[in-house]
Structure formats: C-alpha cells, structure tokens
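Peer 1: Sharing run-v6.csv here; it has CSV, C-alpha atoms.
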```csv
chain,number,residue,atom,x,y,z
N,1,MET,CA,81.3,23.8,52.8
N,2,ILE,CA,83.4,26.6,54.2
N,3,GLU,CA,84.4,24.6,57.2
N,4,ASN,CA,85.7,21.8,55.0
N,5,LYS,CA,87.8,24.3,53.0
N,6,ARG,CA,89.2,25.6,56.2
N,7,LYS,CA,90.1,22.1,57.4
N,8,ALA,CA,91.7,21.3,54.1
N,9,ALA,CA,94.0,24.3,54.4
N,10,ILE,CA,95.6,22.9,57.5
N,11,ASP,CA,95.0,19.2,56.9
N,12,PHE,CA,98.7,18.4,57.4
N,13,LEU,CA,98.3,19.3,61.1
N,14,ASN,CA,95.2,17.2,61.9
N,15,VAL,CA,93.9,19.7,64.5
N,16,SER,CA,90.6,19.6,66.3
N,17,ARG,CA,87.4,21.3,65.2
N,18,GLU,CA,87.8,23.8,68.1
N,19,THR,CA,91.2,25.0,66.6
N,20,VAL,CA,89.6,25.3,63.1
N,21,GLU,CA,86.8,27.4,64.7
N,22,ARG,CA,89.4,29.6,66.4
N,23,LEU,CA,91.1,30.2,63.1
N,24,GLY,CA,87.7,30.9,61.6
N,25,ALA,CA,87.0,33.6,64.3
N,26,TYR,CA,90.4,35.1,63.4
N,27,ASP,CA,89.4,35.1,59.7
N,28,ARG,CA,86.2,37.0,60.5
N,29,LEU,CA,87.9,39.6,62.7
N,30,LEU,CA,90.6,40.2,60.1
N,31,ARG,CA,88.0,40.8,57.4
N,32,LYS,CA,86.2,43.2,59.8
N,33,TRP,CA,89.3,45.2,60.7
N,34,ASN,CA,91.1,45.1,57.4
N,35,PRO,CA,89.4,48.0,55.6
N,36,ALA,CA,90.5,50.3,58.4
N,37,ILE,CA,94.0,49.3,59.1
N,38,ASN,CA,95.1,47.3,56.0
N,39,LEU,CA,96.2,44.0,57.7
N,40,VAL,CA,96.6,42.1,54.4
N,41,SER,CA,96.2,43.2,50.8
N,42,LYS,CA,92.8,43.3,49.1
N,43,ALA,CA,94.2,41.0,46.4
N,44,SER,CA,95.1,38.2,48.9
N,45,ILE,CA,92.2,38.3,51.4
N,46,GLU,CA,89.9,36.1,49.3
N,47,ASP,CA,92.7,33.4,49.4
N,48,LEU,CA,93.3,34.0,53.1
N,49,TRP,CA,93.4,30.4,54.1
N,50,THR,CA,96.0,29.3,51.7
N,51,ARG,CA,98.0,32.5,51.1
N,52,HIS,CA,98.3,33.4,54.8
N,53,ILE,CA,96.9,30.8,57.2
N,54,ARG,CA,98.3,27.7,55.6
N,55,ASP,CA,101.5,29.5,54.8
N,56,SER,CA,101.9,30.5,58.5
N,57,ALA,CA,100.7,27.2,60.0
N,58,GLN,CA,103.5,25.2,58.3
N,59,LEU,CA,106.1,26.9,60.5
N,60,ILE,CA,104.9,25.0,63.6
N,61,GLU,CA,106.1,21.8,62.0
N,62,PHE,CA,109.6,23.0,62.9
N,63,LEU,CA,108.9,23.7,66.6
N,64,PRO,CA,111.7,22.1,68.7
N,65,ALA,CA,110.3,19.6,71.2
N,66,ASP,CA,111.7,21.5,74.2
N,67,ALA,CA,110.8,25.0,73.0
N,68,ARG,CA,109.1,27.2,75.6
N,69,LEU,CA,109.0,30.6,74.0
N,70,TRP,CA,108.2,31.6,70.4
N,71,ALA,CA,108.7,35.2,69.4
N,72,ASP,CA,107.2,36.6,66.2
N,73,LEU,CA,108.8,39.8,65.0
N,74,GLY,CA,106.9,42.5,63.0
N,75,SER,CA,103.7,40.5,63.4
N,76,GLY,CA,101.4,42.8,61.4
N,77,GLY,CA,98.1,41.1,60.9
N,78,GLY,CA,99.3,38.0,62.8
N,79,PHE,CA,101.2,36.0,60.2
N,80,PRO,CA,102.7,33.8,61.2
N,81,GLY,CA,102.7,34.5,65.0
N,82,LEU,CA,99.0,34.6,65.7
N,83,VAL,CA,98.3,31.5,63.7
N,84,VAL,CA,101.1,29.7,65.5
N,85,GLY,CA,99.7,30.9,68.9
N,86,ILE,CA,96.2,29.5,68.0
N,87,LEU,CA,97.7,26.2,66.8
N,88,ALA,CA,100.0,26.0,69.8
N,89,ALA,CA,97.0,26.1,72.2
N,90,GLU,CA,96.2,22.6,71.1
N,91,ILE,CA,99.5,21.2,69.7
N,92,ALA,CA,102.0,22.7,72.2
N,93,PRO,CA,100.0,24.0,75.2
N,94,ASP,CA,103.2,24.7,77.2
N,95,LEU,CA,104.6,27.1,74.5
N,96,SER,CA,104.4,30.8,75.2
N,97,VAL,CA,104.0,33.1,72.2
N,98,THR,CA,105.0,36.7,72.0
N,99,LEU,CA,104.1,39.0,69.1
N,100,VAL,CA,106.2,42.2,68.5
N,101,GLU,CA,104.4,44.8,66.5
N,102,SER,CA,105.2,48.5,66.6
N,103,ASP,CA,102.0,49.8,64.9
N,104,GLN,CA,99.6,50.4,67.9
N,105,ARG,CA,96.5,49.8,65.8
N,106,LYS,CA,97.8,46.4,64.6
N,107,ALA,CA,98.9,45.5,68.1
N,108,THR,CA,95.4,46.3,69.3
N,109,PHE,CA,94.0,44.0,66.6
N,110,LEU,CA,96.3,41.2,67.6
N,111,SER,CA,95.4,41.5,71.3
N,112,THR,CA,91.7,41.6,70.4
N,113,VAL,CA,91.9,38.4,68.4
N,114,ALA,CA,93.8,36.6,71.1
N,115,ARG,CA,91.2,37.6,73.7
N,116,GLU,CA,88.2,36.8,71.5
N,117,VAL,CA,89.5,33.3,70.4
N,118,GLY,CA,90.6,32.5,73.9
N,119,VAL,CA,94.4,32.0,73.6
N,120,ASN,CA,97.1,33.4,75.8
N,121,ILE,CA,99.4,35.4,73.6
N,122,GLN,CA,101.5,38.4,74.7
N,123,VAL,CA,101.6,41.4,72.4
N,124,LEU,CA,104.4,44.0,72.7
N,125,SER,CA,103.7,47.3,70.9
N,126,LEU,CA,107.4,48.1,70.5
N,127,ARG,CA,110.0,48.5,67.7
N,128,ILE,CA,112.0,45.3,67.4
N,129,GLU,CA,115.2,47.2,68.0
N,130,ASP,CA,113.7,48.7,71.2
N,131,THR,CA,112.4,45.4,72.6
N,132,PRO,CA,114.5,44.0,75.4
N,133,PRO,CA,116.1,40.6,74.3
N,134,LEU,CA,113.4,38.0,74.5
N,135,VAL,CA,115.6,35.0,74.9
N,136,ALA,CA,113.2,33.0,72.7
N,137,ASP,CA,113.7,29.4,71.6
N,138,VAL,CA,112.1,30.2,68.2
N,139,VAL,CA,112.1,33.6,66.4
N,140,SER,CA,110.0,34.0,63.3
N,141,ALA,CA,109.3,36.8,60.8
N,142,ARG,CA,107.4,36.8,57.6
N,143,ALA,CA,107.6,39.4,54.8
N,144,LEU,CA,109.4,41.7,57.2
N,145,ALA,CA,113.0,42.5,55.9
N,146,PRO,CA,115.9,41.1,53.9
N,147,LEU,CA,117.8,38.2,55.5
N,148,PRO,CA,120.8,40.2,56.7
N,149,ILE,CA,118.6,42.4,58.8
N,150,LEU,CA,116.5,39.4,60.1
N,151,LEU,CA,119.7,37.8,61.3
N,152,GLY,CA,120.5,40.8,63.4
N,153,HIS,CA,117.0,40.5,65.0
N,154,GLY,CA,117.5,36.8,65.5
N,155,GLN,CA,120.8,37.2,67.2
N,156,ARG,CA,119.3,39.8,69.6
N,157,HIS,CA,116.2,37.8,70.5
N,158,LEU,CA,117.2,34.1,70.3
N,159,ALA,CA,118.2,32.1,73.3
N,160,ARG,CA,121.5,30.1,73.0
N,161,GLY,CA,120.7,27.1,70.8
N,162,GLY,CA,117.5,28.7,69.5
N,163,VAL,CA,116.3,28.6,65.9
N,164,ALA,CA,115.0,31.3,63.5
N,165,LEU,CA,112.3,30.5,61.0
N,166,PHE,CA,112.1,32.8,58.0
N,167,PRO,CA,109.8,32.1,55.1
N,168,LYS,CA,111.4,33.4,51.9
N,169,GLY,CA,110.6,33.5,48.2
N,170,ALA,CA,112.4,32.6,45.0
N,171,GLY,CA,115.3,35.0,45.7
N,172,HIS,CA,116.2,33.3,48.9
N,173,GLN,CA,119.7,32.1,47.8
N,174,ALA,CA,120.7,35.6,46.8
N,175,GLU,CA,119.7,36.7,50.3
N,176,ILE,CA,121.7,33.9,51.9
N,177,ASP,CA,124.8,34.8,49.8
N,178,GLU,CA,124.5,38.4,50.8
N,179,SER,CA,124.2,37.5,54.4
N,180,LEU,CA,127.3,35.4,54.4
N,181,GLU,CA,129.3,38.6,53.8
N,182,CYS,CA,128.7,39.7,57.3
N,183,TRP,CA,127.2,36.8,59.2
N,184,ARG,CA,128.0,33.2,60.1
N,185,PHE,CA,125.1,30.8,60.6
N,186,SER,CA,123.7,27.3,59.9
N,187,VAL,CA,120.8,27.1,57.4
N,188,HIS,CA,118.5,24.4,56.3
N,189,LYS,CA,116.0,25.0,53.4
N,190,HIS,CA,112.6,23.4,53.7
N,191,PRO,CA,110.1,23.5,50.7
N,192,SER,CA,107.1,25.7,51.3
N,193,ARG,CA,103.6,24.0,51.2
N,194,THR,CA,102.1,27.0,49.5
N,195,ASP,CA,104.6,28.1,46.8
N,196,GLU,CA,106.9,25.8,44.8
N,197,ASP,CA,109.5,28.6,44.6
N,198,ALA,CA,109.5,29.5,48.3
N,199,VAL,CA,111.2,27.9,51.3
N,200,ILE,CA,111.3,28.1,55.0
N,201,LEU,CA,114.8,29.0,56.2
N,202,ARG,CA,115.6,27.3,59.5
N,203,ILE,CA,118.6,29.1,60.8
N,204,GLY,CA,120.8,28.7,63.9
N,205,ASP,CA,124.2,29.6,65.4
N,206,ILE,CA,124.0,33.2,64.3
N,207,ALA,CA,127.1,35.2,64.8
N,208,ARG,CA,128.7,38.3,63.1
N,209,VAL,CA,131.7,37.7,61.0
```
Please express what this file holds, its structure, as structure tokens.

Peer 2:
Amino acid sequence: MIENKRKAAIDFLNVSRETVERLGAYDRLLRKWNPAINLVSKASIEDLWTRHIRDSAQLIEFLPADARLWADLGSGGGFPGLVVGILAAEIAPDLSVTLVESDQRKATFLSTVAREVGVNIQVLSLRIEDTPPLVADVVSARALAPLPILLGHGQRHLARGGVALFPKGAGHQAEIDESLECWRFSVHKHPSRTDEDAVILRIGDIARV
C-alpha cells in the first residue's frame, strides 16, 4: 500500500498517521505544481519519499532540545524546511519554522502547502542576503550553495550558540577544506540515511578568519 511505503520512508521518527497524511498532502500538491514551476527534477519525483522527504526528515534528529526557531534558506520546493515544519507540528510543537525563498512562485507554493496541510510556517519571499538577521537556533540549507557561501549565510542568520545543518554529498571534505581558508567553525559529520556517500554537516561557532 502507498500509505505503508510512506510510513516506511520516515519510520525512524515513529510519527502519527496524521503527520504521514500531511506529508501525503504535500506530495500531492508538489506533483500538481511541479510541471509549472519545476520544484524537483522529473527524474527524482517518482522517488520523492526517499530522495527528498526522508532525506529532509533526517535533519530533525539534530534539533536541539531548547531550539525555538528553525530557518531554512533557499527552500525551493520545501526541502528540508517544509518537511521539518510538518514534522515539528507533532514532534516539536513549540518550534517556529521560517522558510526563505526568493522565487515568488515557489514561495506561493510553500505558503499554499502550509495552509492546506494546517501547519504554521512563515514564508519570506526575499533573497537570503536581503533578509534581516533571523537569529535562528537552527539554520538549514539543502542543495543551495558551496559550503563557504553557506557559512556566510549561517553567520548572518544564526543566534549565538546556534547550529547549522547542511546536507552534503561525496565531496564534502573538499568543501570543508576550502572553507577553512576563510572561516573558523566546529563541524560534526553524521552519515546520511539516504546516501552512503553523503553526510549531514552539523556546524557551529562560525567566525571569519
């Protein structure tokens, strides 16, 4: 059954049927909107629950217990930020989630999904560089930019003591090495649940050299 496949994709979180149904509604809306605004590639949409939803959902495992604001930068089709927001409605109801997306059409899509699935998510249709500092406890970005650029965004939008979560592929060590030429930061690598060559970089204490 389709529902069982969906549950299996996020089985590590043990969430309720209502949350799975919300993600299912997100799936349906994304497939409806995708031909018009290219939210995800045609090649990946048939593997949406593993390639995008499970890959995004794993980030919430690194949510600090005292976090109150999660900011997702360059949210695009909602990965990982919209998935995090849907999960947080059950797992961390006190967490506020803000999505930053400069493309007005994609921002409209994100707002539409949030409204239709019934979760309270703020969507800012602004360039990341033009967004006032968000003072977030967590900043995330997926498939957005090389790590040196992401660190600049993280420094701007993280609260003191906040953490950045950046999924990265097989070339992550080269990006870390390049970043160390102009940034100081702490970094922990966590294996990805969806790609044996990929990691989640959990980064803190970001400062320019």

Peer 1: Hey, can you check how far CA of Pro93 in chain N sits from CA of Arg68 in chain N?

Peer 2: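 Here the two named atoms are 9.7 Å from each other.
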
Peer 1: Identify which of the residues N:His190, N:Arg105, N:Arg51, N:Arg17 lies closest to Trp33 in chain N, counting all atoms listed in the file when measuring atom-to-atom distances.

Peer 2: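 Distance minimum relative to Trp33 in chain N lands on N:Arg105.
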
Peer 1: What are the nearest atom pairs, with distances in Å to one decimal, for all residues of range 63-126 of chain N that come at most 7 Å from range 131-150 of chain N, using all atoms listed in the file, set out by chain and rising residue number as a tab-separated table?

Peer 2:
```
residue	atom	partner	partner_atom	distance
N:Ala67	CA	N:Asp137	CA	5.5
N:Arg68	CA	N:Asp137	CA	6.5
N:Leu69	CA	N:Ala136	CA	5.0
N:Trp70	CA	N:Val138	CA	4.7
N:Ala71	CA	N:Val139	CA	4.8
N:Asp72	CA	N:Ser140	CA	4.8
N:Leu73	CA	N:Ala141	CA	5.2
N:Gly74	CA	N:Leu144	CA	6.4
N:Phe79	CA	N:Arg142	CA	6.8
N:Pro80	CA	N:Arg142	CA	6.6
N:Leu126	CA	N:Thr131	CA	6.1
```

Peer 1: Could you state the separation of CA of Ala57 in chain N and CA of Asp130 in chain N in Å, given to one decimal place?

Peer 2: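 CA of Ala57 in chain N sits 27.5 Å away from CA of Asp130 in chain N.
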
Peer 1: Identify which of the residues N:Arg193, N:Val163, N:Ala43, N:Ile203 lies closest to Phe12 in chain N, counting all atoms listed in the file when measuring atom-to-atom distances.

Peer 2: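 Ranking N:Arg193, N:Val163, N:Ala43, N:Ile203 by distance to Phe12 in chain N, first place goes to N:Arg193.
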
Peer 1: Between N:Ile200, N:Leu63, N:Ala207, N:Ala92, which has the minimum distance to His188 in chain N (counting all atoms listed in the file)?

Peer 2: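 Nearest candidate to His188 in chain N out of N:Ile200, N:Leu63, N:Ala207, N:Ala92: N:Ile200.
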
Peer 1: Any chance you could work out the axis-aligned box around range 191-209 of chain N, listed atoms only, 4 Å on each side, giving centre and edge lengths in Å to one decimal, as AutoDock Vina command-line options?

Peer 2:
```
--center_x 116.9 --center_y 30.9 --center_z 55.0 --size_x 37.6 --size_y 22.8 --size_z 28.8
```

Peer 1: Closest to Gly76 in chain N among N:Ile60, N:Ala9, N:Val119, N:Val100, using all atoms listed in the file?

Peer 2: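 Nearest candidate to Gly76 in chain N out of N:Ile60, N:Ala9, N:Val119, N:Val100: N:Val100.
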
Peer 1: Looking at all atoms listed in the file, which of N:Glu18, N:Glu116, N:Thr194, N:Asp94 is the one that sits closest to Asp47 in chain N?

Peer 2: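 Closest residue, counting all atoms listed in the file: N:Thr194.
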
Peer 1: Taking only C-alpha atoms into account, name the residue in N:Ile37, N:Ile176, N:Val84, N:Leu151 that is nearest to Ala107 in chain N.

Peer 2: N:Ile37

Peer 1: Just want the 12 Å neighbourhood of Thr112 in chain N, counted on all atoms listed in the file, with same-chain residues fewer than 5 positions away dropped. Output as a list in words.

Peer 2: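 With the cut-off at 12 Å, the set is Ala25, Tyr26, Leu29, Leu30, Trp33, Gly77, Gly78, Leu82, Arg105, Lys106, Ala107, Val117, Gly118, Val119, Asn120, Ile121, Gln122 and Val123 of chain N.
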
Peer 1: Work out how far apart CA of Asp66 in chain N and CA of Ser96 in chain N are and give it in Å to one decimal.

Peer 2: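 These two atoms are separated by 11.9 Å.
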
Peer 1: List as a tab-separated table (two decimals) with C-alpha atoms, in the coordinates of the input the residues having at least one atom at most 12 Å from position (89.4, 27.9, 61.5) as given in the file, counting all atoms listed in the file.

Peer 2:
```
chain	number	residue	atom	x	y	z
N	2	ILE	CA	83.40	26.60	54.20
N	3	GLU	CA	84.40	24.60	57.20
N	4	ASN	CA	85.70	21.80	55.00
N	5	LYS	CA	87.80	24.30	53.00
N	6	ARG	CA	89.20	25.60	56.20
N	7	LYS	CA	90.10	22.10	57.40
N	8	ALA	CA	91.70	21.30	54.10
N	9	ALA	CA	94.00	24.30	54.40
N	10	ILE	CA	95.60	22.90	57.50
N	11	ASP	CA	95.00	19.20	56.90
N	15	VAL	CA	93.90	19.70	64.50
N	16	SER	CA	90.60	19.60	66.30
N	17	ARG	CA	87.40	21.30	65.20
N	18	GLU	CA	87.80	23.80	68.10
N	19	THR	CA	91.20	25.00	66.60
N	20	VAL	CA	89.60	25.30	63.10
N	21	GLU	CA	86.80	27.40	64.70
N	22	ARG	CA	89.40	29.60	66.40
N	23	LEU	CA	91.10	30.20	63.10
N	24	GLY	CA	87.70	30.90	61.60
N	25	ALA	CA	87.00	33.60	64.30
N	26	TYR	CA	90.40	35.10	63.40
N	27	ASP	CA	89.40	35.10	59.70
N	28	ARG	CA	86.20	37.00	60.50
N	29	LEU	CA	87.90	39.60	62.70
N	48	LEU	CA	93.30	34.00	53.10
N	49	TRP	CA	93.40	30.40	54.10
N	50	THR	CA	96.00	29.30	51.70
N	53	ILE	CA	96.90	30.80	57.20
N	54	ARG	CA	98.30	27.70	55.60
N	57	ALA	CA	100.70	27.20	60.00
N	83	VAL	CA	98.30	31.50	63.70
N	86	ILE	CA	96.20	29.50	68.00
N	87	LEU	CA	97.70	26.20	66.80
N	117	VAL	CA	89.50	33.30	70.40
```

Peer 1: At a cut-off of 9 Å from (117.4, 28.2, 54.8) in the coordinates of the file, what residues are picked up using all atoms listed in the file, written as a tab-separated table (two decimals) with C-alpha atoms, in the frame of the given file?

Peer 2:
```tsv
chain	number	residue	atom	x	y	z
N	165	LEU	CA	112.30	30.50	61.00
N	166	PHE	CA	112.10	32.80	58.00
N	167	PRO	CA	109.80	32.10	55.10
N	168	LYS	CA	111.40	33.40	51.90
N	172	HIS	CA	116.20	33.30	48.90
N	173	GLN	CA	119.70	32.10	47.80
N	176	ILE	CA	121.70	33.90	51.90
N	186	SER	CA	123.70	27.30	59.90
N	187	VAL	CA	120.80	27.10	57.40
N	188	HIS	CA	118.50	24.40	56.30
N	189	LYS	CA	116.00	25.00	53.40
N	190	HIS	CA	112.60	23.40	53.70
N	199	VAL	CA	111.20	27.90	51.30
N	200	ILE	CA	111.30	28.10	55.00
N	201	LEU	CA	114.80	29.00	56.20
N	202	ARG	CA	115.60	27.30	59.50
N	203	ILE	CA	118.60	29.10	60.80
```

Peer 1: Residues near Lys32 in chain N, anyone? I mean within 12 Å using only C-alpha atoms, not counting same-chain ones fewer than 6 positions away, as a PyMOL selection string.

Peer 2: chain N and resi 25-26+38-40+45+109+113

Peer 1: Once N, CA, C and O atoms are restored for range 161-179 of chain N, what would the output be as an mmCIF file, in the coordinates of the input?

Peer 2:
```
data_model
loop_
_atom_site.group_PDB
_atom_site.id
_atom_site.type_symbol
_atom_site.label_atom_id
_atom_site.label_comp_id
_atom_site.auth_asym_id
_atom_site.auth_seq_id
_atom_site.Cartn_x
_atom_site.Cartn_y
_atom_site.Cartn_z
ATOM 1 N N GLY N 161 121.252 28.376 71.356
ATOM 2 C CA GLY N 161 120.700 27.100 70.800
ATOM 3 C C GLY N 161 119.371 27.281 70.132
ATOM 4 O O GLY N 161 118.805 26.298 69.641
ATOM 5 N N GLY N 162 118.837 28.516 70.096
ATOM 6 C CA GLY N 162 117.500 28.700 69.500
ATOM 7 C C GLY N 162 117.574 28.705 67.982
ATOM 8 O O GLY N 162 118.642 28.695 67.357
ATOM 9 N N VAL N 163 116.384 28.707 67.379
ATOM 10 C CA VAL N 163 116.300 28.600 65.900
ATOM 11 C C VAL N 163 115.415 29.724 65.379
ATOM 12 O O VAL N 163 114.417 30.110 65.993
ATOM 13 N N ALA N 164 115.823 30.256 64.231
ATOM 14 C CA ALA N 164 115.000 31.300 63.500
ATOM 15 C C ALA N 164 114.349 30.619 62.337
ATOM 16 O O ALA N 164 114.953 29.807 61.628
ATOM 17 N N LEU N 165 113.088 30.978 62.123
ATOM 18 C CA LEU N 165 112.300 30.500 61.000
ATOM 19 C C LEU N 165 111.855 31.632 60.145
ATOM 20 O O LEU N 165 111.046 32.454 60.583
ATOM 21 N N PHE N 166 112.387 31.711 58.937
ATOM 22 C CA PHE N 166 112.100 32.800 58.000
ATOM 23 C C PHE N 166 111.581 32.313 56.699
ATOM 24 O O PHE N 166 112.351 31.747 55.916
ATOM 25 N N PRO N 167 110.295 32.467 56.401
ATOM 26 C CA PRO N 167 109.800 32.100 55.100
ATOM 27 C C PRO N 167 110.390 33.105 54.036
ATOM 28 O O PRO N 167 110.413 34.315 54.270
ATOM 29 N N LYS N 168 110.850 32.560 52.929
ATOM 30 C CA LYS N 168 111.400 33.400 51.900
ATOM 31 C C LYS N 168 111.005 32.886 50.506
ATOM 32 O O LYS N 168 110.728 31.704 50.319
ATOM 33 N N GLY N 169 111.001 33.786 49.541
ATOM 34 C CA GLY N 169 110.600 33.500 48.200
ATOM 35 C C GLY N 169 111.669 32.997 47.283
ATOM 36 O O GLY N 169 112.723 32.529 47.733
ATOM 37 N N ALA N 170 111.446 33.161 45.974
ATOM 38 C CA ALA N 170 112.400 32.600 45.000
ATOM 39 C C ALA N 170 113.772 33.179 45.065
ATOM 40 O O ALA N 170 114.730 32.531 44.651
ATOM 41 N N GLY N 171 113.935 34.378 45.613
ATOM 42 C CA GLY N 171 115.300 35.000 45.700
ATOM 43 C C GLY N 171 116.016 34.654 46.967
ATOM 44 O O GLY N 171 116.983 35.353 47.316
ATOM 45 N N HIS N 172 115.647 33.574 47.633
ATOM 46 C CA HIS N 172 116.200 33.300 48.900
ATOM 47 C C HIS N 172 117.755 33.027 48.882
ATOM 48 O O HIS N 172 118.489 33.418 49.788
ATOM 49 N N GLN N 173 118.230 32.385 47.807
ATOM 50 C CA GLN N 173 119.700 32.100 47.800
ATOM 51 C C GLN N 173 120.490 33.353 47.656
ATOM 52 O O GLN N 173 121.566 33.449 48.273
ATOM 53 N N ALA N 174 120.003 34.333 46.923
ATOM 54 C CA ALA N 174 120.700 35.600 46.800
ATOM 55 C C ALA N 174 120.787 36.268 48.207
ATOM 56 O O ALA N 174 121.819 36.870 48.564
ATOM 57 N N GLU N 175 119.738 36.163 48.992
ATOM 58 C CA GLU N 175 119.700 36.700 50.300
ATOM 59 C C GLU N 175 120.717 35.993 51.247
ATOM 60 O O GLU N 175 121.407 36.608 52.074
ATOM 61 N N ILE N 176 120.775 34.682 51.104
ATOM 62 C CA ILE N 176 121.700 33.900 51.900
ATOM 63 C C ILE N 176 123.155 34.311 51.533
ATOM 64 O O ILE N 176 124.002 34.543 52.412
ATOM 65 N N ASP N 177 123.438 34.416 50.235
ATOM 66 C CA ASP N 177 124.800 34.800 49.800
ATOM 67 C C ASP N 177 125.170 36.166 50.309
ATOM 68 O O ASP N 177 126.312 36.371 50.762
ATOM 69 N N GLU N 178 124.249 37.101 50.252
ATOM 70 C CA GLU N 178 124.500 38.400 50.800
ATOM 71 C C GLU N 178 124.790 38.408 52.268
ATOM 72 O O GLU N 178 125.700 39.080 52.780
ATOM 73 N N SER N 179 124.021 37.606 52.972
ATOM 74 C CA SER N 179 124.200 37.500 54.400
ATOM 75 C C SER N 179 125.505 36.970 54.850
ATOM 76 O O SER N 179 126.067 37.364 55.887
#
```
